[in-house]
Amino acid sequence: PDDELVHGDLDQAELRIIASVANELNMLNIYNSGGDIHMVTGRKLVPDDVWEQTMAIVDIEKKKYEIDEIRRKAKCVNFGLPYGGSYLVLIMSAKRDYGVILTEEEARRFYSIFFEQYPALPAWHEKVTAFAQKMGYSVSPMGRIRHLPEIFTTVSRKESSHIIREALNSPIQGTCADFLGQIWSKVSSEVRRLKIRARAILTVHDSLTWTCQKSASDELIAIHHAAAKELTEQHANGANFGEFGILKPWLKCDMSMSFEKGPTWGDTEKIKKAA
């Protein structure tokens with residue numbers, strides 16, 4: 001009864017890492033100015049008259065619903081296209097992951113809009129693809145290697161496209177996992193130093209969950225924020241990361257975290273970030 005769950009997520013970690021490694025200036029400007037990338041993308045996806053009508057809605061609940069729908073379509077695009085998927089892949093992933101039904105015409109239009117909005121991504125695709133085709137692997141900013149020997153032997157266009165997506169995806173996913181692992185390590189050390197009654201019980205992709213004494217949950221969250229800030233500065237400026245070696249600067253935007261806490265999974269509440 002004296003404990004509660006504290007659940008932390010890295011905010012849009014994959015997109016922030018992609019923006020950094022691709023040097024996608026529009027994405028970086030959004031993140032470094034505190035913007036909402038889903039709203040920015042969503043504004044591009046909908047026609048001007050639809051956007052203006054949405055913004056003019058007086059009913060707060062109705063307006064929120066329409067904005068949420070725009071953001072949901074934007075999420076389909078922002079998370080569905082960075083790894084080189086075609087408009088056909090976008091149709092499938094939008095339905096599977098978000099329940100959004102896109103026509104072929106919409107998907108084609110969204111595809112064009114996305115890469116017009118974030119023009120550095122195709123160049124990043126080409127660079128990673130060329131490297132993987134030459135070397136047989138891809139590598140993350142932190143030195144994690146994904147071997148792709150089948151890239152030399154496959155003759156199937158479908159399989160080749162899948163391998164290229166892995167070459168693009170693996171360094172991003174690997175960096176996300178490594179960054180979260182570094183946060184976990186720093187927070188665990190601080191928890192032991194301060195003798196806080198807390199225990200990490202689960203990590204999934206870009207999230208970390210603890211069980212913690214209620215009176216110490218705010219302190220635990222503050223320790224996470226401090227660790228994320230310190231690591232952001234180290235990866236942005238270059239540092240010696242021990243087992244990872246001395247890394248060159250690569251990160252170009254903040255890696256922030258969001259938190260929820262509560263007595264059970266079904267009863268957690270979002271924690272507002274400090275101003």
# chains A, B, ... in the order shown; residues from 1 in each chain; ligands from 1
$ closest_atom_pairs --of "region 35-117 of chain A" --to "region 168-172 of chain A" --cutoff "9 Å" --atoms "only C-alpha atoms" --output "CSV"
residue,atom,partner,partner_atom,distance
A:Pro82,CA,A:Leu168,CA,8.7
A:Tyr83,CA,A:Leu168,CA,5.8
A:Gly84,CA,A:Leu168,CA,7.9
$ write_last_selection --atoms "all heavy atoms" --output "PDB file, in the first residue's frame"
ATOM      1  N   PRO A  82       9.540   7.044 -42.000  1.00  0.00           N
ATOM      2  CA  PRO A  82      10.964   7.364 -41.862  1.00  0.00           C
ATOM      3  C   PRO A  82      11.923   6.249 -42.268  1.00  0.00           C
ATOM      4  O   PRO A  82      13.068   6.517 -42.616  1.00  0.00           O
ATOM      5  CB  PRO A  82      11.111   7.687 -40.367  1.00  0.00           C
ATOM      6  CG  PRO A  82       9.777   8.175 -39.962  1.00  0.00           C
ATOM      7  CD  PRO A  82       8.813   7.331 -40.748  1.00  0.00           C
ATOM      8  N   TYR A  83      11.463   4.998 -42.215  1.00  0.00           N
ATOM      9  CA  TYR A  83      12.365   3.896 -42.539  1.00  0.00           C
ATOM     10  C   TYR A  83      12.251   3.444 -43.987  1.00  0.00           C
ATOM     11  O   TYR A  83      12.673   2.342 -44.334  1.00  0.00           O
ATOM     12  CB  TYR A  83      12.113   2.715 -41.605  1.00  0.00           C
ATOM     13  CG  TYR A  83      12.384   3.042 -40.152  1.00  0.00           C
ATOM     14  CD1 TYR A  83      11.368   2.985 -39.208  1.00  0.00           C
ATOM     15  CD2 TYR A  83      13.649   3.434 -39.730  1.00  0.00           C
ATOM     16  CE1 TYR A  83      11.604   3.294 -37.877  1.00  0.00           C
ATOM     17  CE2 TYR A  83      13.898   3.748 -38.407  1.00  0.00           C
ATOM     18  CZ  TYR A  83      12.872   3.672 -37.481  1.00  0.00           C
ATOM     19  OH  TYR A  83      13.116   3.985 -36.173  1.00  0.00           O
ATOM     20  N   GLY A  84      11.677   4.283 -44.819  1.00  0.00           N
ATOM     21  CA  GLY A  84      11.682   4.000 -46.241  1.00  0.00           C
ATOM     22  C   GLY A  84      10.505   3.205 -46.763  1.00  0.00           C
ATOM     23  O   GLY A  84      10.551   2.695 -47.875  1.00  0.00           O
TER      24      GLY A  84
END
$ select_by_dssp --residues "region 176-217 of chain A" --states "strand (DSSP E or B)" --output "list in words"
Ala198, Arg199, Ala200, Ile201, Leu202, Thr203, Val204, Ser207, Leu208, Thr209, Trp210, Thr211, Cys212 and Gln213 of chain A
$ residues_around --residues "Ala228 (chain A)" --least-positions-apart "2" --cutoff "9 Å" --atoms "only C-alpha atoms" --output "ChimeraX atom specification"
/A:10,179-180,182-183,223-226,230-233,254-257
$ residues_around --residues "Arg199 (chain A)" --least-positions-apart "3" --cutoff "7 Å" --atoms "only C-alpha atoms" --output "PyMOL selection string"
chain A and resi 210-212
$ write_last_selection --atoms "N, CA, C and O atoms" --output "PDB file, in the first residue's frame"
ATOM      1  N   TRP A 210       9.070   1.400 -12.765  1.00  0.00           N
ATOM      2  CA  TRP A 210       9.579   1.135 -11.420  1.00  0.00           C
ATOM      3  C   TRP A 210       8.415   0.925 -10.454  1.00  0.00           C
ATOM      4  O   TRP A 210       7.307   1.429 -10.674  1.00  0.00           O
ATOM      5  N   THR A 211       8.692   0.190  -9.397  1.00  0.00           N
ATOM      6  CA  THR A 211       7.825   0.233  -8.225  1.00  0.00           C
ATOM      7  C   THR A 211       8.591   1.019  -7.166  1.00  0.00           C
ATOM      8  O   THR A 211       9.797   0.809  -6.971  1.00  0.00           O
ATOM      9  N   CYS A 212       7.902   1.946  -6.529  1.00  0.00           N
ATOM     10  CA  CYS A 212       8.607   2.929  -5.705  1.00  0.00           C
ATOM     11  C   CYS A 212       7.751   3.329  -4.509  1.00  0.00           C
ATOM     12  O   CYS A 212       6.516   3.357  -4.586  1.00  0.00           O
TER      13      CYS A 212
END
$ residues_around --residues "Pro141 (chain A)" --least-positions-apart "4" --cutoff "8 Å" --atoms "only C-alpha atoms" --output "NGL selection string"
:A and (21 or 171 or 175 or 247 or 250)
$ residues_around --residues "Ala74 (chain A)" --least-positions-apart "6" --cutoff "10 Å" --atoms "only C-alpha atoms" --output "JSON, numbers by chain"
{"A": [37, 38, 39, 40, 41, 42, 43, 44, 45, 46, 68, 80, 94, 110, 114]}
$ closest_residue --among "A:Leu194, A:Gln173, A:Pro47, A:Glu61" --to "Glu219 (chain A)" --atoms "only C-alpha atoms"
A:Leu194
$ residues_around --residues "Gln53 (chain A)" --least-positions-apart "5" --cutoff "12 Å" --atoms "only C-alpha atoms" --output "PyMOL selection string"
chain A and resi 46-48+58+62-63+66-67
$ write_last_selection --atoms "C-alpha atoms" --output "PDB file, in the first residue's frame"
ATOM      1  CA  VAL A  46      -5.013  18.502 -44.307  1.00  0.00           C
ATOM      2  CA  PRO A  47      -6.252  21.065 -46.858  1.00  0.00           C
ATOM      3  CA  ASP A  48      -6.228  24.706 -45.741  1.00  0.00           C
ATOM      4  CA  VAL A  58     -16.251  26.644 -30.860  1.00  0.00           C
ATOM      5  CA  LYS A  62     -15.521  18.639 -30.753  1.00  0.00           C
ATOM      6  CA  LYS A  63     -12.459  20.713 -31.583  1.00  0.00           C
ATOM      7  CA  GLU A  66     -10.956  16.817 -34.701  1.00  0.00           C
ATOM      8  CA  ILE A  67      -7.426  17.858 -33.713  1.00  0.00           C
TER       9      ILE A  67
END
